[in-house]
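First up is the structure itself, then whatever we jot down about it.
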Amino acid sequence: MTFSVFLENLQDQYVNNLPFVAYRNPNETIIKTFLQQDDTLYKTTNFSESGFVFSPFNIKETSVLIPVETSLILEFESETIEESSINSCASKVIETSDITVAKQNHIALVEKGIKAIHKGTFEKVVLSRQESITISETNPIKIYKRLLETYPTAYVYVWFHPKVGLWLGATPETLLHIENNQFSTMALAGTQVYKNTIDVVWKDKELEEQQIVTNFIVSNLESQLDNLKISEVETVKAGNLLHLKTHISGRVNSDTSSLKNIIEILHPTPAVCGMPKEEAKQFILENEAYKRDFYTGFLGELNIKKSISKNPNRRNVENNAYTRIKTVSNLFVNLRCMQIQNTEALLYIGGGITKDSNPNLEWEETMAKSVTMKKVLQ
């Protein structure tokens, strides 16, 4: 299958108003698609099904599933993509949000969050804003091609359901990866602009923010995992930004845990919500001037069965090989994303607020983060 034929499948699905998702895992070259063969809105509440899940920030709302059994699943090796076919995407971007008003509103929101922290309402809260821009290129397949090239180390996706909407993103953050009972996740926090090196100095505010996220994940997963391991903090690059990251891994205790339990513990993480979680979440729902929907939700493969060829070196097995089935869930936090509505792109940008936050610097951080999505629209 050529890249153009692969894209035609996505384009036909979109034109026929049928649900689909195309995605590429971080640092990989395989693009995978689920092409749903009907327009039914499938939902999940217990995360026991097999398919591709798209969940909102507020998990009490609908989590959408593209089921394996109703989908045509295709894969394409993206190493063979012609560079010219990707670079052909270009769009004129017209700012429609009033930046002055948006700045004033966001600074006021951050100030309110800092006051709540000093009152002891919570230790950290992640506050965000929505930015609306007008674009001339509204074909999601062309925008997706540009995302693939621009962000090779991110989880890059385009997702569509006629009864929900159209979303695209290039997120740097894993919510969880479970392969059979082996579990891994990351604590990701702190932001600064990349300036040709990852050998940088981090301020106390960012280091504290990263430690808050790590402590939350570890303390809440201790009862769910065996052999819990925590890596050293490292600096990682995501697009034009740098973040602090810690790897956390272990083995799921099948006697005390389930995928639903772990998802409910982790989501939303302090990196996208705050800590304590419920108090921060309530503040967000009451004070942000828009509805997040799927921004800072999560998405990805849910209970997908995959085969592994092994060589056990056992007798009476043809060619000394056999196939073992593994069950994989690979979920990512929906950051660095946009929603396309007709000729309008809605961008979602936020940042972690602690007692040491500076409202003006927090505004500047959201401006830097917005470049990630605007880059593929210009």
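Following the order of the structure tokens, chains are lettered A, B, ..., residues in each are numbered from 1, and ligands are numbered from 1.
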
Leu266 in chain A surroundings by only C-alpha atoms, 9 Å radius, close-in-sequence under 4 positions cut, as number ranges by chain | A: 175-176, 216-217, 220-221, 261-262, 270

What does the file look like for those residues with N, CA and C atoms, as a PDB file, in the first residue's frame?
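Output file again-v5.pdb follows:
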```
ATOM      1  N   LEU A 175      -0.226   8.339  29.679  1.00  0.00           N
ATOM      2  CA  LEU A 175      -1.008   8.101  30.895  1.00  0.00           C
ATOM      3  C   LEU A 175      -0.604   6.758  31.495  1.00  0.00           C
ATOM      4  N   LEU A 176      -0.613   5.714  30.667  1.00  0.00           N
ATOM      5  CA  LEU A 176      -0.172   4.403  31.138  1.00  0.00           C
ATOM      6  C   LEU A 176       0.089   3.487  29.957  1.00  0.00           C
ATOM      7  N   PHE A 216       2.403  12.075  43.781  1.00  0.00           N
ATOM      8  CA  PHE A 216       0.990  11.674  43.657  1.00  0.00           C
ATOM      9  C   PHE A 216       0.880  10.300  43.010  1.00  0.00           C
ATOM     10  N   ILE A 217       1.563  10.115  41.887  1.00  0.00           N
ATOM     11  CA  ILE A 217       1.460   8.852  41.155  1.00  0.00           C
ATOM     12  C   ILE A 217       1.972   7.699  42.013  1.00  0.00           C
ATOM     13  N   ASN A 220      -0.270   6.821  45.132  1.00  0.00           N
ATOM     14  CA  ASN A 220      -1.569   6.235  44.798  1.00  0.00           C
ATOM     15  C   ASN A 220      -1.471   4.882  44.113  1.00  0.00           C
ATOM     16  N   LEU A 221      -0.306   4.560  43.566  1.00  0.00           N
ATOM     17  CA  LEU A 221      -0.159   3.280  42.875  1.00  0.00           C
ATOM     18  C   LEU A 221       0.494   2.213  43.743  1.00  0.00           C
ATOM     19  N   ASN A 261      -9.600   0.582  37.803  1.00  0.00           N
ATOM     20  CA  ASN A 261      -9.078   1.144  39.055  1.00  0.00           C
ATOM     21  C   ASN A 261      -7.887   2.052  38.802  1.00  0.00           C
ATOM     22  N   ILE A 262      -6.950   1.563  37.988  1.00  0.00           N
ATOM     23  CA  ILE A 262      -5.730   2.321  37.730  1.00  0.00           C
ATOM     24  C   ILE A 262      -6.030   3.602  36.977  1.00  0.00           C
ATOM     25  N   PRO A 270      -1.929  15.065  38.367  1.00  0.00           N
ATOM     26  CA  PRO A 270      -1.577  16.424  38.809  1.00  0.00           C
ATOM     27  C   PRO A 270      -0.973  17.266  37.691  1.00  0.00           C
TER      28      PRO A 270
END
```

Find the spatial neighbours of Thr296 in chain A, counting only C-alpha atoms, within a cut-off of 10 Å - ignore same-chain residues fewer than 5 positions away - and output them as number ranges by chain.
-> A: 55-58, 128, 171, 267-269, 271-273, 332-337, 348-350

I'd like to know which residues of range 71-287 of chain A are alpha helix (DSSP H) (by DSSP, run on the backbone); could you write them as a PDB file with N, CA and C atoms, in the first residue's frame?
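Below is the file that was written, out03.pdb:
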```pdb
ATOM      1  N   GLU A  83       8.666  12.951   1.445  1.00  0.00           N
ATOM      2  CA  GLU A  83       8.709  14.202   2.204  1.00  0.00           C
ATOM      3  C   GLU A  83       7.844  15.274   1.563  1.00  0.00           C
ATOM      4  N   SER A  84       7.832  15.312   0.235  1.00  0.00           N
ATOM      5  CA  SER A  84       7.057  16.346  -0.455  1.00  0.00           C
ATOM      6  C   SER A  84       5.574  16.223  -0.191  1.00  0.00           C
ATOM      7  N   SER A  85       5.110  14.993   0.034  1.00  0.00           N
ATOM      8  CA  SER A  85       3.680  14.797   0.277  1.00  0.00           C
ATOM      9  C   SER A  85       3.262  15.355   1.619  1.00  0.00           C
ATOM     10  N   ILE A  86       4.211  15.423   2.566  1.00  0.00           N
ATOM     11  CA  ILE A  86       3.900  15.991   3.877  1.00  0.00           C
ATOM     12  C   ILE A  86       3.987  17.505   3.842  1.00  0.00           C
ATOM     13  N   ASN A  87       5.014  18.013   3.213  1.00  0.00           N
ATOM     14  CA  ASN A  87       5.243  19.451   3.222  1.00  0.00           C
ATOM     15  C   ASN A  87       4.218  20.232   2.410  1.00  0.00           C
ATOM     16  N   ILE A  99      -6.268  38.879  21.991  1.00  0.00           N
ATOM     17  CA  ILE A  99      -5.164  38.463  22.844  1.00  0.00           C
ATOM     18  C   ILE A  99      -5.096  39.301  24.117  1.00  0.00           C
ATOM     19  N   THR A 100      -5.391  40.600  24.008  1.00  0.00           N
ATOM     20  CA  THR A 100      -5.339  41.459  25.190  1.00  0.00           C
ATOM     21  C   THR A 100      -6.340  41.002  26.248  1.00  0.00           C
ATOM     22  N   VAL A 101      -7.560  40.733  25.799  1.00  0.00           N
ATOM     23  CA  VAL A 101      -8.594  40.261  26.725  1.00  0.00           C
ATOM     24  C   VAL A 101      -8.235  38.875  27.250  1.00  0.00           C
ATOM     25  N   ALA A 102      -7.747  38.012  26.351  1.00  0.00           N
ATOM     26  CA  ALA A 102      -7.377  36.658  26.767  1.00  0.00           C
ATOM     27  C   ALA A 102      -6.270  36.697  27.816  1.00  0.00           C
ATOM     28  N   LYS A 103      -5.306  37.593  27.638  1.00  0.00           N
ATOM     29  CA  LYS A 103      -4.216  37.722  28.600  1.00  0.00           C
ATOM     30  C   LYS A 103      -4.740  38.174  29.954  1.00  0.00           C
ATOM     31  N   GLN A 104      -5.579  39.186  29.953  1.00  0.00           N
ATOM     32  CA  GLN A 104      -6.146  39.690  31.202  1.00  0.00           C
ATOM     33  C   GLN A 104      -6.937  38.607  31.926  1.00  0.00           C
ATOM     34  N   ASN A 105      -7.734  37.862  31.165  1.00  0.00           N
ATOM     35  CA  ASN A 105      -8.562  36.818  31.768  1.00  0.00           C
ATOM     36  C   ASN A 105      -7.716  35.686  32.349  1.00  0.00           C
ATOM     37  N   HIS A 106      -6.662  35.299  31.616  1.00  0.00           N
ATOM     38  CA  HIS A 106      -5.842  34.189  32.098  1.00  0.00           C
ATOM     39  C   HIS A 106      -5.039  34.594  33.331  1.00  0.00           C
ATOM     40  N   ILE A 107      -4.504  35.798  33.318  1.00  0.00           N
ATOM     41  CA  ILE A 107      -3.752  36.276  34.485  1.00  0.00           C
ATOM     42  C   ILE A 107      -4.663  36.343  35.713  1.00  0.00           C
ATOM     43  N   ALA A 108      -5.895  36.814  35.516  1.00  0.00           N
ATOM     44  CA  ALA A 108      -6.852  36.876  36.628  1.00  0.00           C
ATOM     45  C   ALA A 108      -7.174  35.478  37.154  1.00  0.00           C
ATOM     46  N   LEU A 109      -7.294  34.513  36.244  1.00  0.00           N
ATOM     47  CA  LEU A 109      -7.574  33.136  36.638  1.00  0.00           C
ATOM     48  C   LEU A 109      -6.407  32.558  37.442  1.00  0.00           C
ATOM     49  N   VAL A 110      -5.184  32.808  36.975  1.00  0.00           N
ATOM     50  CA  VAL A 110      -4.003  32.310  37.682  1.00  0.00           C
ATOM     51  C   VAL A 110      -3.907  32.949  39.065  1.00  0.00           C
ATOM     52  N   GLU A 111      -4.156  34.254  39.149  1.00  0.00           N
ATOM     53  CA  GLU A 111      -4.125  34.934  40.448  1.00  0.00           C
ATOM     54  C   GLU A 111      -5.125  34.320  41.418  1.00  0.00           C
ATOM     55  N   LYS A 112      -6.300  33.974  40.901  1.00  0.00           N
ATOM     56  CA  LYS A 112      -7.321  33.345  41.740  1.00  0.00           C
ATOM     57  C   LYS A 112      -6.858  31.972  42.215  1.00  0.00           C
ATOM     58  N   GLY A 113      -6.180  31.242  41.316  1.00  0.00           N
ATOM     59  CA  GLY A 113      -5.656  29.935  41.692  1.00  0.00           C
ATOM     60  C   GLY A 113      -4.583  30.033  42.760  1.00  0.00           C
ATOM     61  N   ILE A 114      -3.695  31.014  42.641  1.00  0.00           N
ATOM     62  CA  ILE A 114      -2.631  31.207  43.630  1.00  0.00           C
ATOM     63  C   ILE A 114      -3.229  31.554  44.993  1.00  0.00           C
ATOM     64  N   LYS A 115      -4.261  32.400  45.005  1.00  0.00           N
ATOM     65  CA  LYS A 115      -4.919  32.744  46.261  1.00  0.00           C
ATOM     66  C   LYS A 115      -5.518  31.509  46.929  1.00  0.00           C
ATOM     67  N   ALA A 116      -6.114  30.629  46.097  1.00  0.00           N
ATOM     68  CA  ALA A 116      -6.706  29.408  46.649  1.00  0.00           C
ATOM     69  C   ALA A 116      -5.622  28.492  47.237  1.00  0.00           C
ATOM     70  N   ILE A 117      -4.450  28.477  46.624  1.00  0.00           N
ATOM     71  CA  ILE A 117      -3.338  27.685  47.146  1.00  0.00           C
ATOM     72  C   ILE A 117      -2.903  28.220  48.509  1.00  0.00           C
ATOM     73  N   HIS A 118      -2.770  29.546  48.619  1.00  0.00           N
ATOM     74  CA  HIS A 118      -2.354  30.146  49.888  1.00  0.00           C
ATOM     75  C   HIS A 118      -3.405  29.954  50.986  1.00  0.00           C
ATOM     76  N   PRO A 140      -8.559  17.558   7.592  1.00  0.00           N
ATOM     77  CA  PRO A 140      -7.801  17.002   8.718  1.00  0.00           C
ATOM     78  C   PRO A 140      -6.685  16.070   8.285  1.00  0.00           C
ATOM     79  N   ILE A 141      -6.816  15.442   7.135  1.00  0.00           N
ATOM     80  CA  ILE A 141      -5.790  14.508   6.685  1.00  0.00           C
ATOM     81  C   ILE A 141      -4.518  15.264   6.313  1.00  0.00           C
ATOM     82  N   LYS A 142      -4.675  16.415   5.688  1.00  0.00           N
ATOM     83  CA  LYS A 142      -3.505  17.229   5.344  1.00  0.00           C
ATOM     84  C   LYS A 142      -2.833  17.787   6.600  1.00  0.00           C
ATOM     85  N   ILE A 143      -3.628  18.211   7.561  1.00  0.00           N
ATOM     86  CA  ILE A 143      -3.055  18.712   8.814  1.00  0.00           C
ATOM     87  C   ILE A 143      -2.333  17.584   9.547  1.00  0.00           C
ATOM     88  N   TYR A 144      -2.913  16.390   9.519  1.00  0.00           N
ATOM     89  CA  TYR A 144      -2.298  15.248  10.182  1.00  0.00           C
ATOM     90  C   TYR A 144      -0.942  14.907   9.561  1.00  0.00           C
ATOM     91  N   LYS A 145      -0.832  14.988   8.248  1.00  0.00           N
ATOM     92  CA  LYS A 145       0.456  14.731   7.593  1.00  0.00           C
ATOM     93  C   LYS A 145       1.528  15.670   8.131  1.00  0.00           C
ATOM     94  N   ARG A 146       1.161  16.919   8.326  1.00  0.00           N
ATOM     95  CA  ARG A 146       2.121  17.901   8.828  1.00  0.00           C
ATOM     96  C   ARG A 146       2.523  17.578  10.273  1.00  0.00           C
ATOM     97  N   LEU A 147       1.569  17.139  11.078  1.00  0.00           N
ATOM     98  CA  LEU A 147       1.866  16.746  12.461  1.00  0.00           C
ATOM     99  C   LEU A 147       2.857  15.584  12.504  1.00  0.00           C
ATOM    100  N   LEU A 148       2.684  14.619  11.618  1.00  0.00           N
ATOM    101  CA  LEU A 148       3.545  13.447  11.601  1.00  0.00           C
ATOM    102  C   LEU A 148       5.007  13.828  11.405  1.00  0.00           C
ATOM    103  N   GLU A 149       5.251  14.751  10.502  1.00  0.00           N
ATOM    104  CA  GLU A 149       6.621  15.147  10.231  1.00  0.00           C
ATOM    105  C   GLU A 149       7.190  16.044  11.327  1.00  0.00           C
ATOM    106  N   THR A 150       6.361  16.936  11.842  1.00  0.00           N
ATOM    107  CA  THR A 150       6.841  17.958  12.768  1.00  0.00           C
ATOM    108  C   THR A 150       7.158  17.390  14.145  1.00  0.00           C
ATOM    109  N   ASP A 204      13.210  26.343  40.974  1.00  0.00           N
ATOM    110  CA  ASP A 204      12.588  25.598  42.065  1.00  0.00           C
ATOM    111  C   ASP A 204      11.110  25.344  41.803  1.00  0.00           C
ATOM    112  N   LYS A 205      10.444  26.302  41.169  1.00  0.00           N
ATOM    113  CA  LYS A 205       9.013  26.157  40.890  1.00  0.00           C
ATOM    114  C   LYS A 205       8.751  24.929  40.024  1.00  0.00           C
ATOM    115  N   GLU A 206       9.531  24.751  38.943  1.00  0.00           N
ATOM    116  CA  GLU A 206       9.346  23.616  38.047  1.00  0.00           C
ATOM    117  C   GLU A 206       9.740  22.300  38.716  1.00  0.00           C
ATOM    118  N   LEU A 207      10.829  22.325  39.493  1.00  0.00           N
ATOM    119  CA  LEU A 207      11.266  21.125  40.191  1.00  0.00           C
ATOM    120  C   LEU A 207      10.230  20.675  41.220  1.00  0.00           C
ATOM    121  N   GLU A 208       9.644  21.645  41.915  1.00  0.00           N
ATOM    122  CA  GLU A 208       8.602  21.328  42.893  1.00  0.00           C
ATOM    123  C   GLU A 208       7.372  20.758  42.192  1.00  0.00           C
ATOM    124  N   GLU A 209       7.011  21.365  41.075  1.00  0.00           N
ATOM    125  CA  GLU A 209       5.847  20.903  40.318  1.00  0.00           C
ATOM    126  C   GLU A 209       6.039  19.453  39.874  1.00  0.00           C
ATOM    127  N   GLN A 210       7.243  19.131  39.383  1.00  0.00           N
ATOM    128  CA  GLN A 210       7.546  17.771  38.953  1.00  0.00           C
ATOM    129  C   GLN A 210       7.476  16.795  40.123  1.00  0.00           C
ATOM    130  N   GLN A 211       7.982  17.186  41.285  1.00  0.00           N
ATOM    131  CA  GLN A 211       7.967  16.303  42.445  1.00  0.00           C
ATOM    132  C   GLN A 211       6.543  16.046  42.934  1.00  0.00           C
ATOM    133  N   ILE A 212       5.692  17.058  42.843  1.00  0.00           N
ATOM    134  CA  ILE A 212       4.285  16.889  43.234  1.00  0.00           C
ATOM    135  C   ILE A 212       3.635  15.808  42.381  1.00  0.00           C
ATOM    136  N   VAL A 213       3.864  15.874  41.065  1.00  0.00           N
ATOM    137  CA  VAL A 213       3.270  14.889  40.151  1.00  0.00           C
ATOM    138  C   VAL A 213       3.799  13.494  40.469  1.00  0.00           C
ATOM    139  N   THR A 214       5.124  13.373  40.651  1.00  0.00           N
ATOM    140  CA  THR A 214       5.733  12.072  40.939  1.00  0.00           C
ATOM    141  C   THR A 214       5.200  11.493  42.245  1.00  0.00           C
ATOM    142  N   ASN A 215       5.147  12.310  43.281  1.00  0.00           N
ATOM    143  CA  ASN A 215       4.676  11.840  44.590  1.00  0.00           C
ATOM    144  C   ASN A 215       3.235  11.346  44.519  1.00  0.00           C
ATOM    145  N   PHE A 216       2.403  12.075  43.781  1.00  0.00           N
ATOM    146  CA  PHE A 216       0.990  11.674  43.657  1.00  0.00           C
ATOM    147  C   PHE A 216       0.880  10.300  43.010  1.00  0.00           C
ATOM    148  N   ILE A 217       1.563  10.115  41.887  1.00  0.00           N
ATOM    149  CA  ILE A 217       1.460   8.852  41.155  1.00  0.00           C
ATOM    150  C   ILE A 217       1.972   7.699  42.013  1.00  0.00           C
ATOM    151  N   VAL A 218       3.130   7.880  42.607  1.00  0.00           N
ATOM    152  CA  VAL A 218       3.735   6.805  43.401  1.00  0.00           C
ATOM    153  C   VAL A 218       2.875   6.445  44.601  1.00  0.00           C
ATOM    154  N   SER A 219       2.434   7.440  45.355  1.00  0.00           N
ATOM    155  CA  SER A 219       1.665   7.165  46.575  1.00  0.00           C
ATOM    156  C   SER A 219       0.334   6.485  46.274  1.00  0.00           C
ATOM    157  N   ASN A 220      -0.270   6.821  45.132  1.00  0.00           N
ATOM    158  CA  ASN A 220      -1.569   6.235  44.798  1.00  0.00           C
ATOM    159  C   ASN A 220      -1.471   4.882  44.113  1.00  0.00           C
ATOM    160  N   LEU A 221      -0.306   4.560  43.566  1.00  0.00           N
ATOM    161  CA  LEU A 221      -0.159   3.280  42.875  1.00  0.00           C
ATOM    162  C   LEU A 221       0.494   2.213  43.743  1.00  0.00           C
ATOM    163  N   LEU A 259      -7.797  -2.486  35.346  1.00  0.00           N
ATOM    164  CA  LEU A 259      -7.490  -1.346  34.488  1.00  0.00           C
ATOM    165  C   LEU A 259      -8.355  -0.138  34.863  1.00  0.00           C
ATOM    166  N   LYS A 260      -9.622  -0.372  35.146  1.00  0.00           N
ATOM    167  CA  LYS A 260     -10.504   0.721  35.538  1.00  0.00           C
ATOM    168  C   LYS A 260     -10.005   1.384  36.820  1.00  0.00           C
ATOM    169  N   ASN A 261      -9.600   0.582  37.803  1.00  0.00           N
ATOM    170  CA  ASN A 261      -9.078   1.144  39.055  1.00  0.00           C
ATOM    171  C   ASN A 261      -7.887   2.052  38.802  1.00  0.00           C
ATOM    172  N   ILE A 262      -6.950   1.563  37.988  1.00  0.00           N
ATOM    173  CA  ILE A 262      -5.730   2.321  37.730  1.00  0.00           C
ATOM    174  C   ILE A 262      -6.030   3.602  36.977  1.00  0.00           C
ATOM    175  N   ILE A 263      -6.912   3.534  35.984  1.00  0.00           N
ATOM    176  CA  ILE A 263      -7.291   4.737  35.241  1.00  0.00           C
ATOM    177  C   ILE A 263      -7.908   5.767  36.174  1.00  0.00           C
ATOM    178  N   GLU A 264      -8.809   5.330  37.043  1.00  0.00           N
ATOM    179  CA  GLU A 264      -9.476   6.258  37.951  1.00  0.00           C
ATOM    180  C   GLU A 264      -8.499   6.854  38.959  1.00  0.00           C
ATOM    181  N   ILE A 265      -7.446   6.109  39.318  1.00  0.00           N
ATOM    182  CA  ILE A 265      -6.425   6.636  40.221  1.00  0.00           C
ATOM    183  C   ILE A 265      -5.586   7.693  39.516  1.00  0.00           C
ATOM    184  N   LEU A 266      -5.180   7.415  38.300  1.00  0.00           N
ATOM    185  CA  LEU A 266      -4.254   8.291  37.594  1.00  0.00           C
ATOM    186  C   LEU A 266      -4.925   9.520  36.968  1.00  0.00           C
ATOM    187  N   LYS A 277      -6.531  16.014  43.977  1.00  0.00           N
ATOM    188  CA  LYS A 277      -7.189  15.944  42.680  1.00  0.00           C
ATOM    189  C   LYS A 277      -8.610  16.489  42.681  1.00  0.00           C
ATOM    190  N   GLU A 278      -9.434  16.055  43.616  1.00  0.00           N
ATOM    191  CA  GLU A 278     -10.848  16.437  43.577  1.00  0.00           C
ATOM    192  C   GLU A 278     -11.036  17.932  43.818  1.00  0.00           C
ATOM    193  N   GLU A 279     -10.256  18.496  44.747  1.00  0.00           N
ATOM    194  CA  GLU A 279     -10.374  19.930  45.024  1.00  0.00           C
ATOM    195  C   GLU A 279      -9.909  20.754  43.818  1.00  0.00           C
ATOM    196  N   ALA A 280      -8.798  20.334  43.206  1.00  0.00           N
ATOM    197  CA  ALA A 280      -8.299  21.048  42.030  1.00  0.00           C
ATOM    198  C   ALA A 280      -9.265  20.914  40.856  1.00  0.00           C
ATOM    199  N   LYS A 281      -9.793  19.730  40.676  1.00  0.00           N
ATOM    200  CA  LYS A 281     -10.736  19.492  39.576  1.00  0.00           C
ATOM    201  C   LYS A 281     -11.980  20.356  39.729  1.00  0.00           C
ATOM    202  N   GLN A 282     -12.499  20.454  40.925  1.00  0.00           N
ATOM    203  CA  GLN A 282     -13.686  21.261  41.159  1.00  0.00           C
ATOM    204  C   GLN A 282     -13.411  22.731  40.874  1.00  0.00           C
ATOM    205  N   PHE A 283     -12.240  23.217  41.268  1.00  0.00           N
ATOM    206  CA  PHE A 283     -11.858  24.606  40.995  1.00  0.00           C
ATOM    207  C   PHE A 283     -11.812  24.855  39.497  1.00  0.00           C
ATOM    208  N   ILE A 284     -11.250  23.913  38.750  1.00  0.00           N
ATOM    209  CA  ILE A 284     -11.169  24.034  37.289  1.00  0.00           C
ATOM    210  C   ILE A 284     -12.567  24.100  36.671  1.00  0.00           C
ATOM    211  N   LEU A 285     -13.430  23.177  37.063  1.00  0.00           N
ATOM    212  CA  LEU A 285     -14.776  23.125  36.488  1.00  0.00           C
ATOM    213  C   LEU A 285     -15.573  24.393  36.800  1.00  0.00           C
ATOM    214  N   GLU A 286     -15.301  25.010  37.936  1.00  0.00           N
ATOM    215  CA  GLU A 286     -16.067  26.190  38.346  1.00  0.00           C
ATOM    216  C   GLU A 286     -15.478  27.498  37.829  1.00  0.00           C
ATOM    217  N   ASN A 287     -14.175  27.521  37.506  1.00  0.00           N
ATOM    218  CA  ASN A 287     -13.531  28.804  37.225  1.00  0.00           C
ATOM    219  C   ASN A 287     -12.982  28.980  35.816  1.00  0.00           C
TER     220      ASN A 287
END
```

Could you tell me which of A:Asn9, A:Gln37, A:Gln341, A:Ser357 comes closest to Lys203 in chain A if we count only C-alpha atoms?
->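 Closest to Lys203 in chain A, using only C-alpha atoms: A:Ser357.
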
Pick from A:Asp98, A:Glu75, A:Asp255, A:Glu123, whichever lies nearest to Met1 in chain A using only C-alpha atoms |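 Distance minimum relative to Met1 in chain A lands on A:Glu75.
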
Skip Lys245 in chain A itself and residues of its chain fewer than 3 positions away, then list as a ChimeraX atom specification all residues within 10 Å of it, counting only C-alpha atoms.
-> /A:173,186-190,210-211,213-214,231-237,242,248

Would you export the selected residues with C-alpha atoms as a tab-separated table (two decimals), in the first residue's frame, please?
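As a result, result.tsv now contains:
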```tsv
chain	number	residue	atom	x	y	z
A	173	GLU	CA	2.66	12.49	27.83
A	186	MET	CA	5.51	8.85	33.52
A	187	ALA	CA	5.41	11.94	35.66
A	188	LEU	CA	5.75	14.92	33.32
A	189	ALA	CA	5.78	18.53	34.49
A	190	GLY	CA	7.73	21.77	34.27
A	210	GLN	CA	7.55	17.77	38.95
A	211	GLN	CA	7.97	16.30	42.44
A	213	VAL	CA	3.27	14.89	40.15
A	214	THR	CA	5.73	12.07	40.94
A	231	SER	CA	13.74	6.52	37.66
A	232	GLU	CA	15.85	9.64	38.06
A	233	VAL	CA	14.36	12.87	36.75
A	234	GLU	CA	15.43	13.73	33.20
A	235	THR	CA	14.94	16.63	30.80
A	236	VAL	CA	13.08	15.75	27.59
A	237	LYS	CA	12.23	17.72	24.45
A	242	LEU	CA	11.44	21.08	27.39
A	248	ILE	CA	7.50	4.81	36.95
```

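One distance worth recording is that between CA of Val164 in chain A and CA of Gln36 in chain A, which is 14.1 Å.
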
In terms of the shortest atom-to-atom distance over only C-alpha atoms, which of A:Thr372, A:Asn342, A:Thr366, A:Thr191 is closest to Ile135 in chain A?
-> A:Asn342

DSSP says strand (DSSP E or B) for which residues of range 95-288 of chain A? Put them as number ranges by chain?
-> A: 95, 124-135, 155-161, 165-171, 174-179, 182-193, 225-230, 234-238, 241-252, 274-275

Any idea what's packed within 7 Å of Asn330 in chain A, counting only C-alpha atoms, ignoring anything in its chain fewer than 5 positions away? Could you give it as a count of residues only?
-> 6

Pick out the residues sitting within 12 Å of Val371 in chain A, and hand them over as a list in words; count only C-alpha atoms, and ignore anything fewer than 3 positions along from it in its own chain.
->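 Here the qualifying residues turn out to be Val93, Glu131, Thr150, Val193, Ala238, Gly239, Asn240, Leu241, Arg336, Cys337, Met338, Leu347, Tyr348, Ile349, Glu364, Glu365, Thr366, Met367, Ala368, Lys374, Lys375, Val376, Leu377 and Gln378 of chain A.
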
Using only C-alpha atoms, determine which residues lie at most 10 Å from Gln11 in chain A, disregarding the query and same-chain residues fewer than 4 positions distant; provide the list as a short mmCIF file (atom, residue, chain, number, x, y, z; two decimals) with all heavy atoms, in the first residue's frame.
```cif
data_model
loop_
_atom_site.label_atom_id
_atom_site.label_comp_id
_atom_site.auth_asym_id
_atom_site.auth_seq_id
_atom_site.Cartn_x
_atom_site.Cartn_y
_atom_site.Cartn_z
N VAL A 5 -2.49 5.91 -1.14
CA VAL A 5 -3.64 5.02 -0.98
C VAL A 5 -4.08 4.95 0.48
O VAL A 5 -5.27 4.95 0.80
CB VAL A 5 -3.30 3.61 -1.51
CG1 VAL A 5 -4.43 2.62 -1.18
CG2 VAL A 5 -3.07 3.65 -3.02
N PHE A 6 -3.09 4.90 1.36
CA PHE A 6 -3.38 4.90 2.80
C PHE A 6 -4.18 6.14 3.19
O PHE A 6 -5.19 6.06 3.91
CB PHE A 6 -2.07 4.85 3.58
CG PHE A 6 -2.23 4.91 5.06
CD1 PHE A 6 -2.60 3.80 5.79
CD2 PHE A 6 -2.00 6.10 5.74
CE1 PHE A 6 -2.74 3.86 7.17
CE2 PHE A 6 -2.14 6.17 7.12
CZ PHE A 6 -2.51 5.05 7.84
N LEU A 7 -3.75 7.29 2.69
CA LEU A 7 -4.45 8.54 3.00
C LEU A 7 -5.83 8.58 2.37
O LEU A 7 -6.77 9.16 2.94
CB LEU A 7 -3.63 9.73 2.53
CG LEU A 7 -2.30 9.96 3.27
CD1 LEU A 7 -1.57 11.16 2.67
CD2 LEU A 7 -2.51 10.16 4.74
N VAL A 15 -15.02 11.70 4.41
CA VAL A 15 -16.04 12.17 3.47
C VAL A 15 -17.36 11.42 3.68
O VAL A 15 -18.45 12.01 3.58
CB VAL A 15 -15.56 12.02 2.01
CG1 VAL A 15 -16.69 12.26 1.02
CG2 VAL A 15 -14.40 12.97 1.73
N ASN A 16 -17.27 10.13 4.00
CA ASN A 16 -18.47 9.32 4.22
C ASN A 16 -19.05 9.49 5.62
O ASN A 16 -20.00 8.81 5.99
CB ASN A 16 -18.16 7.85 3.97
CG ASN A 16 -17.89 7.55 2.50
OD1 ASN A 16 -18.47 8.18 1.62
ND2 ASN A 16 -17.00 6.61 2.23
N ASN A 17 -18.43 10.40 6.41
CA ASN A 17 -18.93 10.73 7.75
C ASN A 17 -18.95 9.52 8.67
O ASN A 17 -19.89 9.32 9.46
CB ASN A 17 -20.34 11.34 7.65
CG ASN A 17 -20.52 12.52 8.59
OD1 ASN A 17 -19.56 13.20 8.93
ND2 ASN A 17 -21.75 12.75 9.02
N ASN A 139 -8.88 20.48 5.90
CA ASN A 139 -8.83 19.05 5.66
C ASN A 139 -7.97 18.39 6.73
O ASN A 139 -6.76 18.62 6.79
CB ASN A 139 -8.24 18.76 4.27
CG ASN A 139 -8.32 17.29 3.91
OD1 ASN A 139 -8.05 16.42 4.72
ND2 ASN A 139 -8.70 17.00 2.68
N PRO A 140 -8.56 17.56 7.59
CA PRO A 140 -7.80 17.00 8.72
C PRO A 140 -6.69 16.07 8.28
O PRO A 140 -5.68 15.93 9.00
CB PRO A 140 -8.86 16.26 9.53
CG PRO A 140 -9.92 15.91 8.54
CD PRO A 140 -9.96 17.06 7.59
N ILE A 141 -6.82 15.44 7.13
CA ILE A 141 -5.79 14.51 6.68
C ILE A 141 -4.52 15.26 6.31
O ILE A 141 -3.40 14.84 6.62
CB ILE A 141 -6.30 13.67 5.49
CG1 ILE A 141 -7.67 13.06 5.80
CG2 ILE A 141 -5.28 12.58 5.15
CD1 ILE A 141 -7.74 12.26 7.08
N LYS A 142 -4.68 16.42 5.69
CA LYS A 142 -3.51 17.23 5.34
C LYS A 142 -2.83 17.79 6.60
O LYS A 142 -1.60 17.85 6.68
CB LYS A 142 -3.92 18.36 4.40
CG LYS A 142 -4.34 17.89 3.01
CD LYS A 142 -4.66 19.07 2.11
CE LYS A 142 -5.03 18.60 0.71
NZ LYS A 142 -5.34 19.74 -0.19
#
```
